[in-house]
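A short worksheet on the structure shown next.
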Amino acid sequence: MTVSLKVNDIAVNAEVAPRTHLADFLREDLLLTGTHIGCEHGVCGACTVLLDGEPVRSCITFAATCGGREVQSIEGLEHDPIMSALRAAFTAEHALQCGYCTPGMLVTARDIILRLPDADDDRIRLELAGNLCRCTGYNGIVRAIRHVLTHRPDVAPLERPA
Ligand code: FES
Ligand code: FES
């Protein structure tokens, strides 16, 4: 079937099988391999991308359901100022080791920055519950997110229905 959507601000028309999930579509059809695939059943968060601005697990999202919608993968956020701040903070705080979880972790972290400007460490940890990291023990990740929250008071909170 044909699907028309925007990926990283570029209009895309593609033929997809009904069962193709968005992660495979991004990686294999569009060669956007920054989105990682771990568990492939919605548990680890490695495949997290933005769909109409909200984080989703692209391994359990069918590409065919994304018609008329906007997808941002990690590649599309390269010049985003919050993402730039997060990348620097992740480096400074040793928030990654193998890096496999990192693209999904960064997409979720950016959402925390936008949505929860007053988040404390406990809330950050709660928000990260859907992104698994086998390497870091999470402390560096929490420190990095807290650093960006603390040093970016200019970021307006995101208005999103509960
Ligand atoms: Fe999608 Fe694990 S690969 S949640
Ligand atoms: Fe290796 Fe997170 S840095 S899984």
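Following the order of the structure tokens, first chain is A, next is B, and so on, with residues numbered from 1 inside each chain and ligands from 1 in the order they appear.
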* **Test item, strand (DSSP E) assignment across chain A, answer as a ChimeraX atom specification** => /A:2-7,10-15,48-51,54-57,70-72
* Write down as a PyMOL selection string the residues belonging to stretch 10-150 of chain A that are assigned helix (DSSP H, G or I) by DSSP computed on the backbone. => chain A and resi 22-29+58-60+63-66+74-77+81-92+102-115+121-130+139-150
* Of the candidates A:Glu78, A:Asp111, A:Glu127, A:Asp118, which one gets nearest to A:Leu50 if we count only C-alpha atoms? ->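 The answer is A:Asp111, which sits nearest to A:Leu50.
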* Residues up to 10 Å from ligand 1, counting only C-alpha atoms and all ligand atoms: could you list those as number ranges by chain? => A: 21-23, 35-49, 56-61, 101, 104, 130-132
* Structure fact -> From atom CA of A:Pro55 to atom CA of A:Thr108 the spacing works out at 6.6 Å
* To do: Can you tell me which residues come within 6 Å of ligand 2 when counting only C-alpha atoms and all ligand atoms, ideally as a PyMOL selection string?
  => chain A and resi 96-102+133-136
Can I get the selected residues back with N, CA, C and O atoms, as a CSV table (one decimal), in the first residue's frame?
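Wrote again_20.csv, looks like this:
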```csv
chain,number,residue,atom,x,y,z
A,96,LEU,N,26.6,7.5,28.2
A,96,LEU,CA,26.5,6.4,27.3
A,96,LEU,C,27.8,5.6,27.3
A,96,LEU,O,28.9,6.2,27.6
A,97,GLN,N,27.6,4.3,27.0
A,97,GLN,CA,28.8,3.5,26.9
A,97,GLN,C,28.8,2.8,25.5
A,97,GLN,O,29.4,3.3,24.6
A,98,CYS,N,28.0,1.8,25.3
A,98,CYS,CA,27.9,1.2,24.0
A,98,CYS,C,27.1,2.1,23.0
A,98,CYS,O,27.3,2.1,21.8
A,99,GLY,N,26.2,2.9,23.6
A,99,GLY,CA,25.5,3.8,22.7
A,99,GLY,C,24.2,3.3,22.1
A,99,GLY,O,23.5,4.0,21.4
A,100,TYR,N,23.9,2.0,22.3
A,100,TYR,CA,22.8,1.4,21.6
A,100,TYR,C,21.5,2.0,22.0
A,100,TYR,O,20.6,2.3,21.2
A,101,CYS,N,21.3,2.3,23.3
A,101,CYS,CA,20.1,2.9,23.8
A,101,CYS,C,20.0,4.4,23.5
A,101,CYS,O,18.9,5.0,23.7
A,102,THR,N,21.1,5.0,23.1
A,102,THR,CA,21.2,6.5,23.2
A,102,THR,C,20.3,7.2,22.3
A,102,THR,O,19.7,8.2,22.7
A,133,CYS,N,18.7,0.8,29.5
A,133,CYS,CA,20.1,0.9,29.2
A,133,CYS,C,20.8,-0.2,30.0
A,133,CYS,O,20.7,-0.3,31.2
A,134,ARG,N,21.6,-1.0,29.3
A,134,ARG,CA,22.3,-2.2,29.9
A,134,ARG,C,23.7,-1.8,30.4
A,134,ARG,O,24.3,-2.6,31.1
A,135,CYS,N,24.1,-0.6,30.1
A,135,CYS,CA,25.5,-0.2,30.4
A,135,CYS,C,25.7,0.7,31.5
A,135,CYS,O,26.6,0.5,32.4
A,136,THR,N,25.0,1.8,31.6
A,136,THR,CA,25.4,3.0,32.4
A,136,THR,C,24.9,3.0,33.8
A,136,THR,O,25.5,3.7,34.6
```
* Residue contacts of stretch 9-15 of chain A (9 Å, only C-alpha atoms) excluding same-chain residues fewer than 5 positions away, as an MDAnalysis selection string -> chainID A and resid 1:4 29 64 70:72 76
Take the residues from that selection and write them out as a compact mmCIF listing (two decimals), in the first residue's frame, keeping N, CA, C and O atoms.
```
# COMPACT_ATOMS: atom_id res chain seq x y z
N MET A 1 0.84 -1.19 0.00
CA MET A 1 0.00 0.00 0.00
C MET A 1 0.88 1.25 0.00
O MET A 1 2.04 1.19 0.39
N THR A 2 0.29 2.36 -0.46
CA THR A 2 1.06 3.61 -0.53
C THR A 2 0.81 4.43 0.74
O THR A 2 -0.32 4.52 1.22
N VAL A 3 1.89 5.01 1.26
CA VAL A 3 1.76 5.89 2.42
C VAL A 3 2.49 7.19 2.11
O VAL A 3 3.57 7.19 1.51
N SER A 4 1.85 8.30 2.47
CA SER A 4 2.46 9.63 2.30
C SER A 4 2.57 10.28 3.66
O SER A 4 1.58 10.41 4.38
N ASP A 29 14.12 1.39 4.39
CA ASP A 29 13.65 2.08 3.18
C ASP A 29 14.29 3.46 3.06
O ASP A 29 14.63 3.89 1.97
N ALA A 64 2.24 2.00 7.82
CA ALA A 64 1.02 2.25 7.05
C ALA A 64 0.02 3.14 7.80
O ALA A 64 -0.86 3.72 7.19
N GLU A 70 3.68 13.38 10.81
CA GLU A 70 5.07 13.84 10.74
C GLU A 70 5.92 13.02 11.69
O GLU A 70 5.61 12.93 12.88
N VAL A 71 6.97 12.45 11.15
CA VAL A 71 7.91 11.66 11.94
C VAL A 71 9.22 12.44 12.04
O VAL A 71 9.70 13.00 11.06
N GLN A 72 9.76 12.48 13.26
CA GLN A 72 11.12 13.01 13.44
C GLN A 72 11.95 11.89 14.03
O GLN A 72 11.64 11.39 15.12
N GLY A 76 16.66 13.89 12.30
CA GLY A 76 15.94 15.14 12.06
C GLY A 76 16.07 16.13 13.20
O GLY A 76 15.65 17.28 13.08
```
* Skipping near chain neighbours, those fewer than 5 positions away, what residues fall within 9 Å of A:Ala119 using only C-alpha atoms, listed as number ranges by chain? -> A: 112-113, 124, 146, 149
Store the residues picked out above, limited to N, CA and C atoms, as a PDB file, in the first residue's frame.
```
ATOM      1  N   ILE A 112      11.234  15.067  27.975  1.00  0.00           N
ATOM      2  CA  ILE A 112      11.203  15.420  29.404  1.00  0.00           C
ATOM      3  C   ILE A 112      11.535  16.907  29.575  1.00  0.00           C
ATOM      4  N   ILE A 113      12.553  17.365  28.878  1.00  0.00           N
ATOM      5  CA  ILE A 113      12.959  18.783  28.986  1.00  0.00           C
ATOM      6  C   ILE A 113      11.788  19.692  28.607  1.00  0.00           C
ATOM      7  N   ILE A 124      12.581  12.252  36.705  1.00  0.00           N
ATOM      8  CA  ILE A 124      13.355  11.910  35.504  1.00  0.00           C
ATOM      9  C   ILE A 124      13.481  10.391  35.386  1.00  0.00           C
ATOM     10  N   ARG A 146      19.252  16.410  34.027  1.00  0.00           N
ATOM     11  CA  ARG A 146      19.114  17.454  35.044  1.00  0.00           C
ATOM     12  C   ARG A 146      19.951  18.679  34.676  1.00  0.00           C
ATOM     13  N   LEU A 149      18.060  20.600  32.082  1.00  0.00           N
ATOM     14  CA  LEU A 149      16.898  21.247  32.712  1.00  0.00           C
ATOM     15  C   LEU A 149      17.330  22.477  33.506  1.00  0.00           C
TER      16      LEU A 149
END
```
* Using only C-alpha atoms: which of A:Pro18, A:Pro81, A:Gly34, A:Pro103 has the shortest distance to A:Ala63 ->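 The closest residue to A:Ala63 is A:Pro18.
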* Given the choices A:Ile145, A:His151, A:Leu5, A:Arg110, which gets closest to A:Arg125 if the distance is worked out from only C-alpha atoms? ->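 Answer, going by the shortest atom-to-atom distance: A:Ile145.
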* To do: Work out how far atom CA of A:Glu54 is from atom CA of A:Thr20, in Å to one decimal.
  =>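 For atom CA of A:Thr20 relative to atom CA of A:Glu54, the distance reads 20.3 Å.
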* Find, counting only C-alpha atoms, the residue in A:Cys66, A:Gly53, A:Leu116, A:Ser73 that gets nearest to A:Leu26. =>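 Closest residue, counting only C-alpha atoms: A:Ser73.
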* **Distance in Å - atom CA of A:Asp120 versus atom CA of A:Val142** => 9.4 Å
